[in-house]
>>> print(open('work07.txt').read())   # compact mmCIF, C-alpha atoms
# COMPACT_ATOMS: atom_id res chain seq x y z
CA MET F 1212 -22.65 25.96 -101.40
CA ALA F 1213 -22.37 29.63 -100.41
CA PRO F 1214 -23.98 30.66 -97.13
CA THR F 1215 -27.38 32.27 -97.49
CA THR F 1216 -27.74 35.73 -96.07
CA THR F 1217 -30.95 36.88 -94.52
CA PRO F 1218 -32.37 39.90 -96.32
CA THR F 1219 -32.98 42.74 -93.91
CA LEU F 1220 -35.06 45.85 -94.20
CA GLU F 1221 -35.51 48.94 -92.13
CA ARG F 1222 -39.05 49.51 -90.97
CA THR F 1223 -40.55 52.18 -93.21
CA GLU F 1224 -43.22 54.82 -92.89
CA THR F 1225 -45.99 52.96 -94.68
CA ALA F 1226 -47.04 49.38 -95.15
CA ASP F 1227 -46.92 49.75 -98.92
CA ASP F 1228 -43.34 51.05 -98.78
CA LEU F 1229 -42.33 48.13 -96.58
CA LEU F 1230 -43.98 45.57 -98.85
CA ARG F 1231 -42.40 47.13 -101.95
CA ALA F 1232 -38.97 46.95 -100.31
CA ALA F 1233 -39.57 43.32 -99.26
CA HIS F 1234 -40.68 42.49 -102.80
CA ARG F 1235 -37.47 44.01 -104.19
CA GLU F 1236 -35.37 42.00 -101.73
CA ALA F 1237 -37.16 38.76 -102.62
CA TYR F 1238 -36.47 39.37 -106.30
CA ARG F 1239 -32.81 40.18 -105.71
CA LEU F 1240 -32.23 36.64 -104.50
CA GLY F 1241 -31.40 34.00 -107.09
CA GLU F 1242 -33.56 30.89 -107.23
CA GLN F 1243 -31.36 28.63 -105.14
CA GLU F 1244 -30.53 31.41 -102.69
CA LEU F 1245 -34.22 32.20 -102.19
CA VAL F 1246 -35.07 28.56 -101.50
CA ARG F 1247 -32.09 28.23 -99.11
CA TYR F 1248 -33.29 31.36 -97.30
CA LEU F 1249 -36.82 30.02 -96.92
CA LYS F 1250 -35.56 26.56 -95.96
CA GLY F 1251 -33.42 28.13 -93.24
CA VAL F 1252 -36.14 30.33 -91.75
CA LEU F 1253 -39.27 28.23 -92.34
CA GLY F 1254 -38.07 24.65 -92.78
CA ARG F 1255 -38.92 22.11 -95.46
CA PRO F 1256 -42.27 20.92 -94.01
CA LEU F 1257 -43.77 24.43 -93.88
CA ILE F 1258 -42.51 25.29 -97.37
CA ALA F 1259 -43.99 22.04 -98.68
CA HIS F 1260 -47.29 22.83 -96.94
CA ILE F 1261 -47.51 26.36 -98.35
CA THR F 1262 -46.56 25.29 -101.88
CA GLY F 1263 -48.80 22.22 -101.78
CA ILE F 1264 -46.08 19.73 -102.69
CA ALA F 1265 -46.30 16.22 -101.29
CA ASP F 1266 -42.58 15.55 -100.88
CA ALA F 1267 -40.72 18.01 -98.63
CA ASN F 1268 -37.45 16.61 -99.99
CA ASN F 1269 -38.17 18.61 -103.16
CA VAL F 1270 -37.31 21.73 -101.18
CA SER F 1271 -33.76 20.43 -100.69
CA ARG F 1272 -33.55 19.53 -104.37
CA TRP F 1273 -34.57 23.09 -105.31
CA ALA F 1274 -32.09 24.59 -102.83
CA SER F 1275 -29.23 22.54 -104.28
CA GLY F 1276 -30.20 23.17 -107.90
CA ARG F 1277 -30.87 19.47 -108.60
CA ALA F 1278 -34.46 20.31 -109.51
CA ARG F 1279 -36.55 23.39 -110.19
CA PRO F 1280 -40.06 24.11 -108.99
CA ASP F 1281 -42.72 24.68 -111.61
CA ARG F 1282 -43.76 28.25 -112.32
CA GLY F 1283 -46.76 28.27 -109.96
CA VAL F 1284 -44.70 26.95 -107.06
CA TRP F 1285 -41.92 29.37 -107.90
CA GLU F 1286 -44.30 32.34 -107.70
CA ARG F 1287 -45.63 31.05 -104.37
CA LEU F 1288 -42.03 30.85 -103.06
CA ARG F 1289 -41.41 34.48 -104.07
CA THR F 1290 -44.65 35.54 -102.38
CA VAL F 1291 -43.75 33.71 -99.16
CA ALA F 1292 -40.27 35.26 -99.21
CA THR F 1293 -41.73 38.74 -99.69
CA ILE F 1294 -44.09 38.24 -96.76
CA HIS F 1295 -41.43 36.74 -94.51
CA ILE F 1296 -38.93 39.52 -95.26
CA ALA F 1297 -41.58 42.17 -94.51
CA LEU F 1298 -42.67 40.40 -91.32
CA SER F 1299 -39.08 40.13 -90.13
CA ALA F 1300 -38.74 43.90 -90.42
CA ILE F 1301 -42.03 44.46 -88.62
CA VAL F 1302 -41.53 42.08 -85.69
CA GLY F 1303 -37.74 42.28 -85.59
CA SER F 1304 -37.02 38.56 -85.80
CA THR F 1305 -37.01 35.87 -88.48
CA THR F 1306 -38.25 33.37 -85.90
CA SER F 1307 -41.22 35.52 -84.88
CA ALA F 1308 -42.00 36.11 -88.55
CA ALA F 1309 -42.09 32.35 -89.15
CA GLN F 1310 -44.30 31.85 -86.10
CA TRP F 1311 -46.70 34.49 -87.41
CA LEU F 1312 -47.23 32.36 -90.52
CA THR F 1313 -48.29 29.34 -88.45
CA GLY F 1314 -50.41 31.03 -85.81
CA THR F 1315 -54.10 31.74 -86.02
CA ASN F 1316 -54.80 35.27 -87.15
CA PRO F 1317 -57.89 37.33 -86.25
CA ASN F 1318 -57.58 39.21 -89.55
CA LEU F 1319 -57.96 35.89 -91.37
CA ASP F 1320 -60.98 34.58 -89.43
CA LEU F 1321 -58.57 32.78 -87.07
CA LYS F 1322 -57.00 30.85 -89.94
CA MET F 1323 -53.26 30.35 -90.28
CA PRO F 1324 -51.58 32.64 -92.82
CA ALA F 1325 -49.66 29.58 -94.12
CA ASP F 1326 -52.96 27.87 -94.94
CA GLU F 1327 -54.29 31.00 -96.61
CA LEU F 1328 -51.15 31.24 -98.76
CA ARG F 1329 -51.44 27.57 -99.71
CA ASP F 1330 -55.05 28.16 -100.72
CA GLY F 1331 -54.12 31.14 -102.90
CA HIS F 1332 -55.50 33.89 -100.65
CA ASP F 1333 -52.38 36.02 -100.96
CA ALA F 1334 -54.26 39.34 -100.87
CA ALA F 1335 -55.80 38.50 -97.50
CA VAL F 1336 -52.38 37.65 -96.06
CA PHE F 1337 -50.85 40.84 -97.46
CA ALA F 1338 -53.74 42.77 -95.85
CA ALA F 1339 -52.97 41.11 -92.50
CA VAL F 1340 -49.30 42.12 -92.87
CA ARG F 1341 -50.37 45.70 -93.65
CA ASP F 1342 -52.45 45.68 -90.48
CA LEU F 1343 -49.34 44.87 -88.43
CA VAL F 1344 -47.51 47.87 -89.89
CA GLU F 1345 -50.42 50.21 -89.30
CA ARG F 1346 -50.79 49.33 -85.60
>>> encode(input="work07.txt", output="C-alpha cells")
Amino acid sequence: MAPTTTPTLERTETADDLLRAAHREAYRLGEQELVRYLKGVLGRPLIAHITGIADANNVSRWASGRARPDRGVWERLRTVATIHIALSAIVGSTTSAAQWLTGTNPNLDLKMPADELRDGHDAAVFAAVRDLVER
C-alpha cells in the first residue's frame, strides 16, 4: 500500500477560492487514497460517525479496496475531505482541523460540525468554514 500524502493548500484571498481549491484537491485523490487520508487524519470512529455506518471496520475495508462505500457515503467522504483540507489550510494543522469537526461551534448553535455533516447539513458546515476564513 502506497503512503498517503496529505493534500496541502495555501491560504487564499477568499473563502470561496479556498473551498474551490480544497474541492479540487479532494477530487484529485483516488477512492482508496481519499479514505486512507481521512482514516489517517480523522480515524475510523469519526468517519463512521459522519457517514452513519454502524461498523467502523468498513472504513479499513474501503481504504484497502476490499469493499466500496455506496454512492451516498462516497459523496459524504468527499465532502468531509473537502472540509478537512480547507480547515487544515485555515488553521495550519491537520490535527486542529480534525478537532474543529468534533468541537461545539457557535455558528452551528453549539452543535458539532461532525454531527451536522452526519445529519446532512453540509451547507451550514461550509458556512461555518467560510466564517473562519473571513475572520
>>> closest_residue(input="work07.txt", among="F:Leu1245, F:Ile1258, F:Val1344, F:Leu1253", to="Leu1298 of chain F", atoms="all atoms listed in the file")
F:Val1344
>>> closest_residue(input="work07.txt", among="F:Asp1266, F:Glu1345, F:Asp1320, F:Glu1286", to="Asp1333 of chain F", atoms="only C-alpha atoms")
F:Glu1286
>>> residues_around(input="work07.txt", residues="Thr1262 of chain F", least_positions_apart="3", cutoff="9 Å", atoms="only C-alpha atoms", output="ChimeraX atom specification")
/F:1257-1259,1283-1285,1287-1288,1328-1329
>>> write_last_selection(input="work07.txt", atoms="C-alpha atoms", output="short mmCIF file (atom, residue, chain, number, x, y, z; two decimals), in the frame of the given file")
data_model
loop_
_atom_site.label_atom_id
_atom_site.label_comp_id
_atom_site.auth_asym_id
_atom_site.auth_seq_id
_atom_site.Cartn_x
_atom_site.Cartn_y
_atom_site.Cartn_z
CA LEU F 1257 -43.77 24.43 -93.88
CA ILE F 1258 -42.51 25.29 -97.37
CA ALA F 1259 -43.99 22.04 -98.68
CA GLY F 1283 -46.76 28.27 -109.96
CA VAL F 1284 -44.70 26.95 -107.06
CA TRP F 1285 -41.92 29.37 -107.90
CA ARG F 1287 -45.63 31.05 -104.37
CA LEU F 1288 -42.03 30.85 -103.06
CA LEU F 1328 -51.15 31.24 -98.76
CA ARG F 1329 -51.44 27.57 -99.71
#
>>> closest_residue(input="work07.txt", among="F:Lys1250, F:Arg1346, F:Lys1322, F:Arg1341", to="Ala1309 of chain F", atoms="all atoms listed in the file")
F:Lys1250
>>> closest_residue(input="work07.txt", among="F:Ala1233, F:Leu1240, F:His1332, F:Val1246", to="Ala1278 of chain F", atoms="all atoms listed in the file")
F:Val1246
>>> atom_distance(input="work07.txt", atom1="atom CA of Arg1231 of chain F", atom2="atom CA of Ala1334 of chain F")
14.2 Å
>>> atom_distance(input="work07.txt", atom1="atom CA of Asp1326 of chain F", atom2="atom CA of Asp1228 of chain F")
25.4 Å
>>> closest_residue(input="work07.txt", among="F:Ala1232, F:Ala1300, F:Val1291, F:Val1336", to="Pro1324 of chain F", atoms="only C-alpha atoms")
F:Val1336
